[in-house]
file start.pdb (PDB, N, CA and C atoms, pLDDT in the B column)
ATOM      1  N   MET A   1     -30.449  27.671 -65.190  1.00 44.00           N
ATOM      2  CA  MET A   1     -30.744  27.101 -66.494  1.00 44.00           C
ATOM      3  C   MET A   1     -30.457  28.130 -67.576  1.00 44.00           C
ATOM      4  N   VAL A   2     -29.661  27.751 -68.549  1.00 48.00           N
ATOM      5  CA  VAL A   2     -29.300  28.639 -69.644  1.00 48.00           C
ATOM      6  C   VAL A   2     -30.275  28.423 -70.793  1.00 48.00           C
ATOM      7  N   ILE A   3     -30.875  29.501 -71.266  1.00 52.00           N
ATOM      8  CA  ILE A   3     -31.806  29.414 -72.391  1.00 52.00           C
ATOM      9  C   ILE A   3     -31.086  29.887 -73.640  1.00 52.00           C
ATOM     10  N   LYS A   4     -31.047  29.032 -74.637  1.00 60.00           N
ATOM     11  CA  LYS A   4     -30.399  29.389 -75.897  1.00 60.00           C
ATOM     12  C   LYS A   4     -31.264  30.387 -76.651  1.00 60.00           C
ATOM     13  N   GLU A   5     -30.615  31.175 -77.475  1.00 84.00           N
ATOM     14  CA  GLU A   5     -31.328  32.148 -78.296  1.00 84.00           C
ATOM     15  C   GLU A   5     -32.196  31.456 -79.329  1.00 84.00           C
ATOM     16  N   GLN A   6     -33.163  32.194 -79.803  1.00 93.00           N
ATOM     17  CA  GLN A   6     -33.980  31.665 -80.895  1.00 93.00           C
ATOM     18  C   GLN A   6     -33.182  31.751 -82.191  1.00 93.00           C
ATOM     19  N   ILE A   7     -33.341  30.745 -83.036  1.00 96.00           N
ATOM     20  CA  ILE A   7     -32.604  30.641 -84.290  1.00 96.00           C
ATOM     21  C   ILE A   7     -33.619  30.462 -85.412  1.00 96.00           C
ATOM     22  N   SER A   8     -33.360  31.096 -86.525  1.00 96.00           N
ATOM     23  CA  SER A   8     -34.222  30.904 -87.691  1.00 96.00           C
ATOM     24  C   SER A   8     -34.104  29.457 -88.148  1.00 96.00           C
ATOM     25  N   LEU A   9     -35.227  28.858 -88.498  1.00 95.00           N
ATOM     26  CA  LEU A   9     -35.247  27.462 -88.934  1.00 95.00           C
ATOM     27  C   LEU A   9     -34.321  27.226 -90.123  1.00 95.00           C
ATOM     28  N   LYS A  10     -34.149  28.219 -90.975  1.00 93.00           N
ATOM     29  CA  LYS A  10     -33.295  28.063 -92.159  1.00 93.00           C
ATOM     30  C   LYS A  10     -31.839  27.800 -91.798  1.00 93.00           C
ATOM     31  N   ASN A  11     -31.443  28.086 -90.554  1.00 94.00           N
ATOM     32  CA  ASN A  11     -30.057  27.892 -90.115  1.00 94.00           C
ATOM     33  C   ASN A  11     -29.840  26.606 -89.329  1.00 94.00           C
ATOM     34  N   ILE A  12     -30.848  25.778 -89.207  1.00 95.00           N
ATOM     35  CA  ILE A  12     -30.749  24.528 -88.461  1.00 95.00           C
ATOM     36  C   ILE A  12     -30.225  23.420 -89.376  1.00 95.00           C
ATOM     37  N   THR A  13     -29.314  22.622 -88.861  1.00 94.00           N
ATOM     38  CA  THR A  13     -28.732  21.547 -89.664  1.00 94.00           C
ATOM     39  C   THR A  13     -29.644  20.320 -89.699  1.00 94.00           C
ATOM     40  N   ASP A  14     -29.402  19.458 -90.659  1.00 94.00           N
ATOM     41  CA  ASP A  14     -30.170  18.213 -90.816  1.00 94.00           C
ATOM     42  C   ASP A  14     -30.122  17.377 -89.538  1.00 94.00           C
ATOM     43  N   ASN A  15     -31.184  16.600 -89.322  1.00 96.00           N
ATOM     44  CA  ASN A  15     -31.298  15.665 -88.195  1.00 96.00           C
ATOM     45  C   ASN A  15     -31.250  16.338 -86.825  1.00 96.00           C
ATOM     46  N   THR A  16     -31.727  17.591 -86.751  1.00 97.00           N
ATOM     47  CA  THR A  16     -31.794  18.312 -85.477  1.00 97.00           C
ATOM     48  C   THR A  16     -33.255  18.422 -85.062  1.00 97.00           C
ATOM     49  N   THR A  17     -33.540  18.064 -83.809  1.00 97.00           N
ATOM     50  CA  THR A  17     -34.886  18.232 -83.268  1.00 97.00           C
ATOM     51  C   THR A  17     -34.971  19.607 -82.624  1.00 97.00           C
ATOM     52  N   VAL A  18     -36.067  20.306 -82.907  1.00 98.00           N
ATOM     53  CA  VAL A  18     -36.236  21.680 -82.420  1.00 98.00           C
ATOM     54  C   VAL A  18     -37.629  21.870 -81.817  1.00 98.00           C
ATOM     55  N   ARG A  19     -37.763  22.958 -81.059  1.00 97.00           N
ATOM     56  CA  ARG A  19     -39.071  23.373 -80.545  1.00 97.00           C
ATOM     57  C   ARG A  19     -39.385  24.729 -81.158  1.00 97.00           C
ATOM     58  N   LEU A  20     -40.574  24.864 -81.731  1.00 97.00           N
ATOM     59  CA  LEU A  20     -40.979  26.113 -82.359  1.00 97.00           C
ATOM     60  C   LEU A  20     -41.243  27.166 -81.285  1.00 97.00           C
ATOM     61  N   LEU A  21     -40.613  28.335 -81.420  1.00 97.00           N
ATOM     62  CA  LEU A  21     -40.802  29.421 -80.472  1.00 97.00           C
ATOM     63  C   LEU A  21     -41.796  30.449 -80.989  1.00 97.00           C
ATOM     64  N   LYS A  22     -41.598  30.877 -82.240  1.00 96.00           N
ATOM     65  CA  LYS A  22     -42.512  31.873 -82.816  1.00 96.00           C
ATOM     66  C   LYS A  22     -42.404  31.883 -84.325  1.00 96.00           C
ATOM     67  N   ILE A  23     -43.442  32.436 -84.938  1.00 96.00           N
ATOM     68  CA  ILE A  23     -43.457  32.629 -86.389  1.00 96.00           C
ATOM     69  C   ILE A  23     -43.565  34.126 -86.616  1.00 96.00           C
ATOM     70  N   ASP A  24     -42.564  34.705 -87.244  1.00 95.00           N
ATOM     71  CA  ASP A  24     -42.505  36.143 -87.474  1.00 95.00           C
ATOM     72  C   ASP A  24     -43.016  36.433 -88.885  1.00 95.00           C
ATOM     73  N   ALA A  25     -44.348  36.369 -89.042  1.00 94.00           N
ATOM     74  CA  ALA A  25     -44.953  36.530 -90.367  1.00 94.00           C
ATOM     75  C   ALA A  25     -46.354  37.117 -90.216  1.00 94.00           C
ATOM     76  N   GLY A  26     -46.979  37.354 -91.341  1.00 95.00           N
ATOM     77  CA  GLY A  26     -48.337  37.876 -91.346  1.00 95.00           C
ATOM     78  C   GLY A  26     -49.357  36.807 -90.986  1.00 95.00           C
ATOM     79  N   ALA A  27     -50.589  37.247 -90.832  1.00 96.00           N
ATOM     80  CA  ALA A  27     -51.672  36.351 -90.404  1.00 96.00           C
ATOM     81  C   ALA A  27     -51.901  35.205 -91.385  1.00 96.00           C
ATOM     82  N   ALA A  28     -51.781  35.466 -92.675  1.00 96.00           N
ATOM     83  CA  ALA A  28     -52.042  34.418 -93.672  1.00 96.00           C
ATOM     84  C   ALA A  28     -51.034  33.275 -93.554  1.00 96.00           C
ATOM     85  N   LEU A  29     -49.745  33.590 -93.445  1.00 95.00           N
ATOM     86  CA  LEU A  29     -48.727  32.544 -93.324  1.00 95.00           C
ATOM     87  C   LEU A  29     -48.842  31.841 -91.976  1.00 95.00           C
ATOM     88  N   LYS A  30     -49.095  32.580 -90.908  1.00 96.00           N
ATOM     89  CA  LYS A  30     -49.271  31.958 -89.590  1.00 96.00           C
ATOM     90  C   LYS A  30     -50.432  30.970 -89.625  1.00 96.00           C
ATOM     91  N   SER A  31     -51.510  31.349 -90.277  1.00 96.00           N
ATOM     92  CA  SER A  31     -52.674  30.480 -90.379  1.00 96.00           C
ATOM     93  C   SER A  31     -52.348  29.229 -91.193  1.00 96.00           C
ATOM     94  N   ARG A  32     -51.633  29.396 -92.273  1.00 95.00           N
ATOM     95  CA  ARG A  32     -51.258  28.267 -93.134  1.00 95.00           C
ATOM     96  C   ARG A  32     -50.367  27.280 -92.385  1.00 95.00           C
ATOM     97  N   LEU A  33     -49.357  27.805 -91.662  1.00 95.00           N
ATOM     98  CA  LEU A  33     -48.460  26.947 -90.904  1.00 95.00           C
ATOM     99  C   LEU A  33     -49.181  26.289 -89.737  1.00 95.00           C
ATOM    100  N   SER A  34     -50.084  27.019 -89.123  1.00 96.00           N
ATOM    101  CA  SER A  34     -50.885  26.470 -88.025  1.00 96.00           C
ATOM    102  C   SER A  34     -51.724  25.292 -88.511  1.00 96.00           C
ATOM    103  N   ALA A  35     -52.282  25.408 -89.698  1.00 95.00           N
ATOM    104  CA  ALA A  35     -53.085  24.324 -90.281  1.00 95.00           C
ATOM    105  C   ALA A  35     -52.233  23.080 -90.535  1.00 95.00           C
ATOM    106  N   MET A  36     -50.913  23.264 -90.723  1.00 93.00           N
ATOM    107  CA  MET A  36     -50.003  22.141 -90.918  1.00 93.00           C
ATOM    108  C   MET A  36     -49.553  21.544 -89.583  1.00 93.00           C
ATOM    109  N   GLY A  37     -49.930  22.195 -88.485  1.00 95.00           N
ATOM    110  CA  GLY A  37     -49.540  21.702 -87.167  1.00 95.00           C
ATOM    111  C   GLY A  37     -48.352  22.421 -86.557  1.00 95.00           C
ATOM    112  N   LEU A  38     -47.872  23.460 -87.228  1.00 96.00           N
ATOM    113  CA  LEU A  38     -46.736  24.218 -86.706  1.00 96.00           C
ATOM    114  C   LEU A  38     -47.240  25.338 -85.807  1.00 96.00           C
ATOM    115  N   LEU A  39     -47.264  25.040 -84.513  1.00 95.00           N
ATOM    116  CA  LEU A  39     -47.726  25.979 -83.494  1.00 95.00           C
ATOM    117  C   LEU A  39     -46.610  26.171 -82.471  1.00 95.00           C
ATOM    118  N   PRO A  40     -46.558  27.321 -81.798  1.00 95.00           N
ATOM    119  CA  PRO A  40     -45.542  27.519 -80.760  1.00 95.00           C
ATOM    120  C   PRO A  40     -45.582  26.380 -79.738  1.00 95.00           C
ATOM    121  N   GLY A  41     -44.390  25.873 -79.398  1.00 96.00           N
ATOM    122  CA  GLY A  41     -44.278  24.760 -78.457  1.00 96.00           C
ATOM    123  C   GLY A  41     -44.164  23.405 -79.122  1.00 96.00           C
ATOM    124  N   THR A  42     -44.495  23.317 -80.401  1.00 97.00           N
ATOM    125  CA  THR A  42     -44.440  22.060 -81.137  1.00 97.00           C
ATOM    126  C   THR A  42     -42.987  21.638 -81.366  1.00 97.00           C
ATOM    127  N   GLN A  43     -42.715  20.350 -81.189  1.00 97.00           N
ATOM    128  CA  GLN A  43     -41.393  19.803 -81.485  1.00 97.00           C
ATOM    129  C   GLN A  43     -41.433  19.097 -82.840  1.00 97.00           C
ATOM    130  N   PHE A  44     -40.367  19.262 -83.606  1.00 98.00           N
ATOM    131  CA  PHE A  44     -40.249  18.561 -84.883  1.00 98.00           C
ATOM    132  C   PHE A  44     -38.783  18.417 -85.232  1.00 98.00           C
ATOM    133  N   LYS A  45     -38.508  17.619 -86.257  1.00 98.00           N
ATOM    134  CA  LYS A  45     -37.131  17.331 -86.661  1.00 98.00           C
ATOM    135  C   LYS A  45     -36.880  17.837 -88.074  1.00 98.00           C
ATOM    136  N   VAL A  46     -35.738  18.466 -88.284  1.00 97.00           N
ATOM    137  CA  VAL A  46     -35.321  18.893 -89.614  1.00 97.00           C
ATOM    138  C   VAL A  46     -34.718  17.679 -90.319  1.00 97.00           C
ATOM    139  N   ILE A  47     -35.328  17.276 -91.420  1.00 96.00           N
ATOM    140  CA  ILE A  47     -34.854  16.131 -92.194  1.00 96.00           C
ATOM    141  C   ILE A  47     -33.830  16.564 -93.232  1.00 96.00           C
ATOM    142  N   ASN A  48     -34.146  17.616 -93.987  1.00 94.00           N
ATOM    143  CA  ASN A  48     -33.248  18.119 -95.027  1.00 94.00           C
ATOM    144  C   ASN A  48     -33.344  19.635 -95.053  1.00 94.00           C
ATOM    145  N   ASN A  49     -32.214  20.293 -94.868  1.00 93.00           N
ATOM    146  CA  ASN A  49     -32.183  21.752 -94.865  1.00 93.00           C
ATOM    147  C   ASN A  49     -32.092  22.333 -96.272  1.00 93.00           C
ATOM    148  N   GLY A  50     -32.444  21.572 -97.260  1.00 79.00           N
ATOM    149  CA  GLY A  50     -32.523  22.127 -98.609  1.00 79.00           C
ATOM    150  C   GLY A  50     -31.213  22.219 -99.358  1.00 79.00           C
ATOM    151  N   HIS A  51     -30.174  21.581 -98.852  1.00 78.00           N
ATOM    152  CA  HIS A  51     -28.881  21.616 -99.545  1.00 78.00           C
ATOM    153  C   HIS A  51     -28.431  20.203 -99.814  1.00 78.00           C
ATOM    154  N   PRO A  52     -28.661  19.565-100.897  1.00 75.00           N
ATOM    155  CA  PRO A  52     -29.533  20.008-101.996  1.00 75.00           C
ATOM    156  C   PRO A  52     -30.979  19.586-101.752  1.00 75.00           C
ATOM    157  N   GLY A  53     -31.849  20.141-102.527  1.00 77.00           N
ATOM    158  CA  GLY A  53     -33.252  19.752-102.470  1.00 77.00           C
ATOM    159  C   GLY A  53     -34.087  20.641-101.582  1.00 77.00           C
ATOM    160  N   PRO A  54     -35.338  20.245-101.378  1.00 84.00           N
ATOM    161  CA  PRO A  54     -36.276  21.072-100.617  1.00 84.00           C
ATOM    162  C   PRO A  54     -36.009  21.022 -99.115  1.00 84.00           C
ATOM    163  N   PHE A  55     -36.532  22.003 -98.395  1.00 92.00           N
ATOM    164  CA  PHE A  55     -36.454  22.044 -96.935  1.00 92.00           C
ATOM    165  C   PHE A  55     -37.556  21.123 -96.411  1.00 92.00           C
ATOM    166  N   VAL A  56     -37.185  20.052 -95.699  1.00 96.00           N
ATOM    167  CA  VAL A  56     -38.147  19.050 -95.247  1.00 96.00           C
ATOM    168  C   VAL A  56     -38.047  18.882 -93.737  1.00 96.00           C
ATOM    169  N   ILE A  57     -39.229  18.864 -93.074  1.00 97.00           N
ATOM    170  CA  ILE A  57     -39.270  18.585 -91.643  1.00 97.00           C
ATOM    171  C   ILE A  57     -40.163  17.376 -91.397  1.00 97.00           C
ATOM    172  N   SER A  58     -39.967  16.747 -90.253  1.00 97.00           N
ATOM    173  CA  SER A  58     -40.806  15.628 -89.834  1.00 97.00           C
ATOM    174  C   SER A  58     -41.602  16.096 -88.627  1.00 97.00           C
ATOM    175  N   LEU A  59     -42.936  16.054 -88.748  1.00 97.00           N
ATOM    176  CA  LEU A  59     -43.825  16.526 -87.695  1.00 97.00           C
ATOM    177  C   LEU A  59     -44.943  15.526 -87.498  1.00 97.00           C
ATOM    178  N   LYS A  60     -45.007  14.947 -86.311  1.00 93.00           N
ATOM    179  CA  LYS A  60     -46.073  14.017 -85.945  1.00 93.00           C
ATOM    180  C   LYS A  60     -46.253  12.898 -86.983  1.00 93.00           C
ATOM    181  N   GLY A  61     -45.154  12.316 -87.429  1.00 94.00           N
ATOM    182  CA  GLY A  61     -45.215  11.196 -88.358  1.00 94.00           C
ATOM    183  C   GLY A  61     -45.372  11.580 -89.817  1.00 94.00           C
ATOM    184  N   SER A  62     -45.458  12.867 -90.117  1.00 95.00           N
ATOM    185  CA  SER A  62     -45.587  13.330 -91.507  1.00 95.00           C
ATOM    186  C   SER A  62     -44.360  14.133 -91.903  1.00 95.00           C
ATOM    187  N   ARG A  63     -44.054  14.084 -93.187  1.00 96.00           N
ATOM    188  CA  ARG A  63     -42.983  14.930 -93.719  1.00 96.00           C
ATOM    189  C   ARG A  63     -43.620  16.118 -94.422  1.00 96.00           C
ATOM    190  N   ILE A  64     -43.102  17.295 -94.109  1.00 96.00           N
ATOM    191  CA  ILE A  64     -43.658  18.532 -94.659  1.00 96.00           C
ATOM    192  C   ILE A  64     -42.534  19.303 -95.342  1.00 96.00           C
ATOM    193  N   MET A  65     -42.806  19.731 -96.574  1.00 95.00           N
ATOM    194  CA  MET A  65     -41.847  20.552 -97.307  1.00 95.00           C
ATOM    195  C   MET A  65     -42.204  22.016 -97.092  1.00 95.00           C
ATOM    196  N   LEU A  66     -41.184  22.818 -96.810  1.00 94.00           N
ATOM    197  CA  LEU A  66     -41.367  24.251 -96.604  1.00 94.00           C
ATOM    198  C   LEU A  66     -40.493  25.022 -97.587  1.00 94.00           C
ATOM    199  N   GLY A  67     -40.973  26.183 -97.982  1.00 91.00           N
ATOM    200  CA  GLY A  67     -40.150  27.068 -98.798  1.00 91.00           C
ATOM    201  C   GLY A  67     -39.078  27.700 -97.928  1.00 91.00           C
ATOM    202  N   ARG A  68     -37.974  28.098 -98.534  1.00 89.00           N
ATOM    203  CA  ARG A  68     -36.891  28.721 -97.763  1.00 89.00           C
ATOM    204  C   ARG A  68     -37.341  30.036 -97.148  1.00 89.00           C
ATOM    205  N   GLY A  69     -38.223  30.761 -97.824  1.00 90.00           N
ATOM    206  CA  GLY A  69     -38.754  32.004 -97.256  1.00 90.00           C
ATOM    207  C   GLY A  69     -39.575  31.741 -96.002  1.00 90.00           C
ATOM    208  N   MET A  70     -40.360  30.657 -96.030  1.00 92.00           N
ATOM    209  CA  MET A  70     -41.133  30.267 -94.836  1.00 92.00           C
ATOM    210  C   MET A  70     -40.186  29.914 -93.696  1.00 92.00           C
ATOM    211  N   ALA A  71     -39.181  29.105 -93.996  1.00 93.00           N
ATOM    212  CA  ALA A  71     -38.234  28.665 -92.973  1.00 93.00           C
ATOM    213  C   ALA A  71     -37.526  29.844 -92.318  1.00 93.00           C
ATOM    214  N   ALA A  72     -37.288  30.905 -93.082  1.00 93.00           N
ATOM    215  CA  ALA A  72     -36.610  32.081 -92.547  1.00 93.00           C
ATOM    216  C   ALA A  72     -37.462  32.815 -91.515  1.00 93.00           C
ATOM    217  N   LYS A  73     -38.770  32.638 -91.569  1.00 96.00           N
ATOM    218  CA  LYS A  73     -39.685  33.346 -90.664  1.00 96.00           C
ATOM    219  C   LYS A  73     -40.091  32.528 -89.444  1.00 96.00           C
ATOM    220  N   ILE A  74     -39.588  31.287 -89.371  1.00 97.00           N
ATOM    221  CA  ILE A  74     -39.899  30.392 -88.256  1.00 97.00           C
ATOM    222  C   ILE A  74     -38.701  30.364 -87.320  1.00 97.00           C
ATOM    223  N   PHE A  75     -38.927  30.684 -86.039  1.00 97.00           N
ATOM    224  CA  PHE A  75     -37.834  30.728 -85.068  1.00 97.00           C
ATOM    225  C   PHE A  75     -37.991  29.590 -84.072  1.00 97.00           C
ATOM    226  N   VAL A  76     -36.873  28.895 -83.844  1.00 98.00           N
ATOM    227  CA  VAL A  76     -36.873  27.674 -83.054  1.00 98.00           C
ATOM    228  C   VAL A  76     -35.722  27.658 -82.057  1.00 98.00           C
ATOM    229  N   ARG A  77     -35.755  26.650 -81.178  1.00 97.00           N
ATOM    230  CA  ARG A  77     -34.660  26.372 -80.262  1.00 97.00           C
ATOM    231  C   ARG A  77     -34.339  24.883 -80.373  1.00 97.00           C
ATOM    232  N   PRO A  78     -33.076  24.542 -80.660  1.00 96.00           N
ATOM    233  CA  PRO A  78     -32.696  23.125 -80.699  1.00 96.00           C
ATOM    234  C   PRO A  78     -32.886  22.471 -79.327  1.00 96.00           C
ATOM    235  N   ILE A  79     -33.267  21.186 -79.334  1.00 92.00           N
ATOM    236  CA  ILE A  79     -33.395  20.446 -78.073  1.00 92.00           C
ATOM    237  C   ILE A  79     -32.509  19.224 -78.097  1.00 92.00           C
TER     238      ILE A  79
END
call {"tool": "encode", "arguments": {"input": "start.pdb", "output": "structure tokens"}}
result
Amino acid sequence: MVIKEQISLKNITDNTTVRLLKIDAGAALKSRLSAMGLLPGTQFKVINNGHPGPFVISLKGSRIMLGRGMAAKIFVRPI
């Protein structure tokens, strides 16, 4: 089984489903993202990669907007 490398969320194209691998940030941002449901192992879909407009993901039936700086610190694997 070949395991793909982890990719920063900011580099994922629209309409791609991913699995969260890790968040490379401080405790405050990790806590904030965790409260939104973004935990390691969680699957979600990238709706809009911010070109144009905000970075939007779909997680458990909700749409969540993320800043580009946040997206850069979230590492995922496409599924």
call {"tool": "closest_residue", "arguments": {"input": "start.pdb", "among": "A:Met70, A:Val76, A:Asn48, A:Pro54", "to": "A:Lys30", "atoms": "only C-alpha atoms"}}
result
A:Met70
call {"tool": "atom_distance", "arguments": {"input": "start.pdb", "atom1": "atom CA of A:Lys45", "atom2": "atom CA of A:Asn11"}}
result
13.2 Å
call {"tool": "atom_distance", "arguments": {"input": "start.pdb", "atom1": "atom N of A:Pro78", "atom2": "atom CA of A:Ala28"}}
result
25.0 Å
call {"tool": "closest_residue", "arguments": {"input": "start.pdb", "among": "A:Gly37, A:Phe75, A:Arg63, A:Thr13", "to": "A:Asn49", "atoms": "only C-alpha atoms"}}
result
A:Thr13
call {"tool": "resolve_selection", "arguments": {"input": "start.pdb", "expression": "the PyMOL selection byres ((chain A and resi 40) around 6.5)", "output": "PyMOL selection string"}}
result
chain A and resi 20-22+38-39+41-42
call {"tool": "select_by_dssp", "arguments": {"input": "start.pdb", "residues": "stretch 10-65 of chain A", "states": "helix (DSSP H, G or I)", "output": "number ranges by chain"}}
result
A: 10-11, 27-35
call {"tool": "closest_residue", "arguments": {"input": "start.pdb", "among": "A:Ile74, A:Gln6, A:Ile12, A:Ser31", "to": "A:Val46", "atoms": "only N, CA and C atoms"}}
result
A:Ile12
call {"tool": "atom_distance", "arguments": {"input": "start.pdb", "atom1": "atom N of A:Lys60", "atom2": "atom C of A:Met36"}}
result
8.7 Å
call {"tool": "select_by_dssp", "arguments": {"input": "start.pdb", "residues": "chain A", "states": "strand (DSSP E)", "output": "ChimeraX atom specification"}}
result
/A:7-8,16-23,43-49,55-59,62-66,74-78
call {"tool": "closest_residue", "arguments": {"input": "start.pdb", "among": "A:Gly61, A:Gly53, A:Ile47, A:Ala71", "to": "A:Asn15", "atoms": "all atoms listed in the file"}}
result
A:Ile47
call {"tool": "residues_around", "arguments": {"input": "start.pdb", "residues": "A:Ala72", "least_positions_apart": "3", "cutoff": "8 Å", "atoms": "only N, CA and C atoms", "output": "short mmCIF file (atom, residue, chain, number, x, y, z; two decimals) with N, CA and C atoms, in the coordinates of the input"}}
result
data_model
loop_
_atom_site.label_atom_id
_atom_site.label_comp_id
_atom_site.auth_asym_id
_atom_site.auth_seq_id
_atom_site.Cartn_x
_atom_site.Cartn_y
_atom_site.Cartn_z
N ILE A 7 -33.34 30.74 -83.04
CA ILE A 7 -32.60 30.64 -84.29
C ILE A 7 -33.62 30.46 -85.41
N SER A 8 -33.36 31.10 -86.52
CA SER A 8 -34.22 30.90 -87.69
C SER A 8 -34.10 29.46 -88.15
N LEU A 9 -35.23 28.86 -88.50
CA LEU A 9 -35.25 27.46 -88.93
C LEU A 9 -34.32 27.23 -90.12
N LYS A 10 -34.15 28.22 -90.98
CA LYS A 10 -33.30 28.06 -92.16
C LYS A 10 -31.84 27.80 -91.80
N ASN A 11 -31.44 28.09 -90.55
CA ASN A 11 -30.06 27.89 -90.12
C ASN A 11 -29.84 26.61 -89.33
N ILE A 23 -43.44 32.44 -84.94
CA ILE A 23 -43.46 32.63 -86.39
C ILE A 23 -43.56 34.13 -86.62
N ASP A 24 -42.56 34.70 -87.24
CA ASP A 24 -42.50 36.14 -87.47
C ASP A 24 -43.02 36.43 -88.88
N GLY A 67 -40.97 26.18 -97.98
CA GLY A 67 -40.15 27.07 -98.80
C GLY A 67 -39.08 27.70 -97.93
N ARG A 68 -37.97 28.10 -98.53
CA ARG A 68 -36.89 28.72 -97.76
C ARG A 68 -37.34 30.04 -97.15
N GLY A 69 -38.22 30.76 -97.82
CA GLY A 69 -38.75 32.00 -97.26
C GLY A 69 -39.58 31.74 -96.00
N PHE A 75 -38.93 30.68 -86.04
CA PHE A 75 -37.83 30.73 -85.07
C PHE A 75 -37.99 29.59 -84.07
#
call {"tool": "closest_residue", "arguments": {"input": "start.pdb", "among": "A:His51, A:Ser58, A:Ile64, A:Arg77", "to": "A:Val18", "atoms": "only C-alpha atoms"}}
result
A:Arg77
call {"tool": "closest_residue", "arguments": {"input": "start.pdb", "among": "A:Leu59, A:Met65, A:Leu29, A:Arg19", "to": "A:Gln43", "atoms": "only C-alpha atoms"}}
result
A:Arg19
